[in-house]
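In what follows, a single structure is set out as structure tokens and then discussed.
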Amino acid sequence: MTQGPGLVGSLLVGVSFAKAAAAAAGLPLVAVHHLAGHIESLVLQNGEMPLPAVVLVVSGGHTSLYLVDRPGHYERLSRTRDDAAGEAYDKVAKLLDLGYPGGPVIDRLARNGNDRAVALPTTRLTHADRNAPELTGDLDFSFSGLKTAVLRHVRAHEGPFSEQETADICASFQRIVVTVLIDRLFAAARRYHAKSVGIAGGVSANSRLRAALTQRGERREIPTFLPSLSLSTDNAAMIAAAGLRKFRAGMIATLNLNADAGLAI
Ligand SMILES: Nc1ncnc2c1ncn2[C@@H]1O[C@H](COP(=O)(O)OP(=O)(O)OP(=O)(O)O)[C@@H](O)[C@H]1O
Ligand SMILES: [Mg+2]
């Protein structure tokens, strides 16, 4: 069962149900970190990754790099300082009146767009994060500036965008997001001497990101891991996969366990 992190209301419902079901059926209770679930979706899909591995978890709520140096052990290397990449997709889609969620529709429209048509900024963070001194900082992400640049572009335009103009904005935005994600992922892979790399979470469904990962992996001669589309967004199977690993390692929870909205991995 997912113990955290997330919205405490939904976590409490799940934790209460799992405790009651475990007590009633006399079965062991295993607590799972939601992002460990996303990381284990890669193993569920492809089998064990060669370790050490660097995994990018990129979703509506998170954009973080993790080092997996031994099975079931996840060390966070970096995170986003502001918006998650999925959140940026959703906000840009809203600016362009494309509805929610923004990822799939921007992904589709971008295919017909010129990805150099609109000049948008990439953000490079070089300073350490005062709120997370354990992180070096230069592998961190930031997407709020990119979103604001799209907003300025939209505001500066008179009247509605043509279909082609919308496609161009989508393609230009997506090029920057994918470049930033792939560059940091492979920079971390080099720094930590990774034997494999992976991308998990809802944004890993993105077609350009998937293609870029495979391509860069081939160039660097390092195996790459992706979940199937149905395992990329939130799903119960990935939580079960992470739970099975902990169960096999003897990590069983007691019935005193509580939901934890800010649970550390
Ligand atoms: N093809 C795609 N391209 C880009 N983004 C996508 C695509 N498909 C889905 N997404 C994005 O994935 C996000 C949803 O993913 P997921 O369900 O893993 O996240 P979440 O549950 O909102 O966040 P978290 O897992 O961090 O709590 C949304 O922001 C959505 O726009
Ligand atoms: Mg999720």
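Labeling convention for the structure tokens: chains A, B, ... as they appear, residues from 1 per chain, ligands from 1 in order of appearance.
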
Name each residue within 6 Å of ligand 1, counting only C-alpha atoms and all ligand atoms, as a PyMOL selection string. chain A and resi 59-62+86-87+89-90+101-104+107+201-203+205-206+233-234

Identify, counting only C-alpha atoms and all ligand atoms, the protein, DNA and RNA residues located within 12 Å of ligand 2, and give them as a PyMOL selection string. chain A and resi 2+4-7+33-39+41+57-63+84+86+200-204+231-236+238-239

Have a look at A:Ser142, A:Gln3, A:Thr224, A:Asn114 and name the one nearest to Phe17 in chain A; count only C-alpha atoms.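 Result for the nearest residue to Phe17 in chain A: A:Gln3.
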
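Of the residues in range 25-243 of chain A, those that DSSP places in strand (DSSP E) on the basis of the backbone are Val32, His33, Ala53, Val54, Val55, Leu56, Val57, Val58, Thr63, Ser64, Leu65, Tyr66, Leu67, Val68, Asp69, Arg70, His73, Tyr74, Glu75, Arg76, Leu77, Ser78, Ser196, Val197, Gly198, Ile199, Ala200, Thr224 and Phe225 of chain A.
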
If you run DSSP on this backbone, which residues of range 144-258 of chain A come out as helix (DSSP H, G or I), and could you give them as a PyMOL selection string? chain A and resi 144-156+163-191+202-205+207-220+229-232+236-248

Okay, now the selection with C-alpha atoms, as a tab-separated table (two decimals), in the first residue's frame?
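Output below, filename part27.tsv:
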chain	number	residue	atom	x	y	z
A	144	SER	CA	8.57	28.01	-14.14
A	145	GLY	CA	10.71	30.35	-16.28
A	146	LEU	CA	9.90	28.35	-19.39
A	147	LYS	CA	6.20	28.49	-18.61
A	148	THR	CA	6.41	32.26	-18.06
A	149	ALA	CA	8.21	32.66	-21.41
A	150	VAL	CA	5.33	30.85	-23.14
A	151	LEU	CA	2.88	33.10	-21.28
A	152	ARG	CA	4.74	36.22	-22.54
A	153	HIS	CA	4.70	34.86	-26.08
A	154	VAL	CA	0.94	34.26	-25.85
A	155	ARG	CA	0.29	37.75	-24.40
A	156	ALA	CA	2.41	39.47	-27.07
A	163	GLU	CA	-3.25	25.74	-35.95
A	164	GLN	CA	0.33	25.95	-37.23
A	165	GLU	CA	1.31	28.61	-34.69
A	166	THR	CA	-0.08	26.48	-31.85
A	167	ALA	CA	1.82	23.44	-33.13
A	168	ASP	CA	5.01	25.53	-33.32
A	169	ILE	CA	4.65	26.67	-29.69
A	170	CYS	CA	4.02	23.07	-28.57
A	171	ALA	CA	7.05	21.76	-30.49
A	172	SER	CA	9.35	24.55	-29.26
A	173	PHE	CA	8.25	24.08	-25.64
A	174	GLN	CA	8.61	20.30	-25.87
A	175	ARG	CA	12.09	20.53	-27.41
A	176	ILE	CA	13.34	22.52	-24.41
A	177	VAL	CA	11.70	20.24	-21.82
A	178	VAL	CA	13.06	17.06	-23.42
A	179	THR	CA	16.56	18.51	-23.90
A	180	VAL	CA	16.79	19.61	-20.27
A	181	LEU	CA	15.52	16.27	-18.93
A	182	ILE	CA	17.80	14.14	-21.10
A	183	ASP	CA	20.90	16.32	-20.56
A	184	ARG	CA	20.61	16.21	-16.74
A	185	LEU	CA	19.80	12.48	-16.74
A	186	PHE	CA	22.90	11.60	-18.74
A	187	ALA	CA	25.08	14.10	-16.81
A	188	ALA	CA	24.07	12.26	-13.62
A	189	ALA	CA	24.65	8.88	-15.28
A	190	ARG	CA	28.20	9.93	-16.15
A	191	ARG	CA	28.91	11.39	-12.70
A	202	GLY	CA	3.47	10.17	-16.33
A	203	VAL	CA	5.70	12.32	-18.57
A	204	SER	CA	7.69	9.20	-19.58
A	205	ALA	CA	4.73	8.56	-21.91
A	207	SER	CA	6.97	10.31	-27.52
A	208	ARG	CA	9.86	12.74	-28.02
A	209	LEU	CA	11.29	11.98	-24.58
A	210	ARG	CA	11.11	8.23	-25.24
A	211	ALA	CA	12.84	8.59	-28.60
A	212	ALA	CA	15.51	10.91	-27.15
A	213	LEU	CA	16.27	8.48	-24.32
A	214	THR	CA	16.73	5.55	-26.68
A	215	GLN	CA	18.86	7.61	-29.05
A	216	ARG	CA	21.18	9.06	-26.38
A	217	GLY	CA	21.46	5.63	-24.74
A	218	GLU	CA	22.60	4.08	-28.01
A	219	ARG	CA	25.13	6.86	-28.52
A	220	ARG	CA	26.51	6.45	-25.00
A	229	LEU	CA	2.39	3.56	-21.54
A	230	SER	CA	-0.06	1.97	-19.08
A	231	LEU	CA	2.65	1.65	-16.41
A	232	SER	CA	3.87	5.25	-16.85
A	236	ALA	CA	-1.48	-0.13	-8.71
A	237	ALA	CA	0.84	-2.66	-10.36
A	238	MET	CA	3.95	-0.52	-9.77
A	239	ILE	CA	3.07	-0.17	-6.07
A	240	ALA	CA	2.70	-3.95	-5.87
A	241	ALA	CA	6.10	-4.39	-7.56
A	242	ALA	CA	7.79	-2.06	-5.06
A	243	GLY	CA	5.91	-3.79	-2.23
A	244	LEU	CA	7.00	-7.24	-3.36
A	245	ARG	CA	10.65	-6.17	-3.26
A	246	LYS	CA	10.25	-4.91	0.33
A	247	PHE	CA	8.28	-8.02	1.32
A	248	ARG	CA	11.05	-10.28	0.00

Computed interatomic separation between CA of Lys94 in chain A and CA of Arg81 in chain A (Å):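 Interatomic distance here is 21.5 Å.
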
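Of the listed residues (A:Leu255, A:Ala194, A:Ala119, A:Leu263), A:Ala194 comes nearest to Pro52 in chain A; the distances count only C-alpha atoms.
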
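Across A:Val197, A:Met1, A:Leu139, A:Ala259, the tightest approach to Val30 in chain A is made by A:Met1 when counting only C-alpha atoms.
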
For CA of Glu134 in chain A and CA of Asp69 in chain A, the interatomic separation in Å (one decimal):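 So the answer is 17.3 Å.
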
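With only C-alpha atoms as the atoms that count, the residue of A:Ala132, A:Val13, A:Ala53, A:Ala25 with the shortest distance to Gly198 in chain A is A:Ala53.
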
Quick one: residues within 6 Å of Tyr66 in chain A, only C-alpha atoms, excluding same-chain residues fewer than 2 positions away - as a PDB file with C-alpha atoms, in the first residue's frame?
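Dumped everything to out_22.pdb:
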ATOM      1  CA  VAL A  54      20.120   6.596 -12.562  1.00  0.00           C
ATOM      2  CA  VAL A  55      16.349   7.030 -12.887  1.00  0.00           C
ATOM      3  CA  GLU A  75      19.011   8.077  -3.250  1.00  0.00           C
ATOM      4  CA  ARG A  76      17.631  11.382  -4.488  1.00  0.00           C
ATOM      5  CA  LEU A  77      20.252  13.306  -6.473  1.00  0.00           C
TER       6      LEU A  77
END
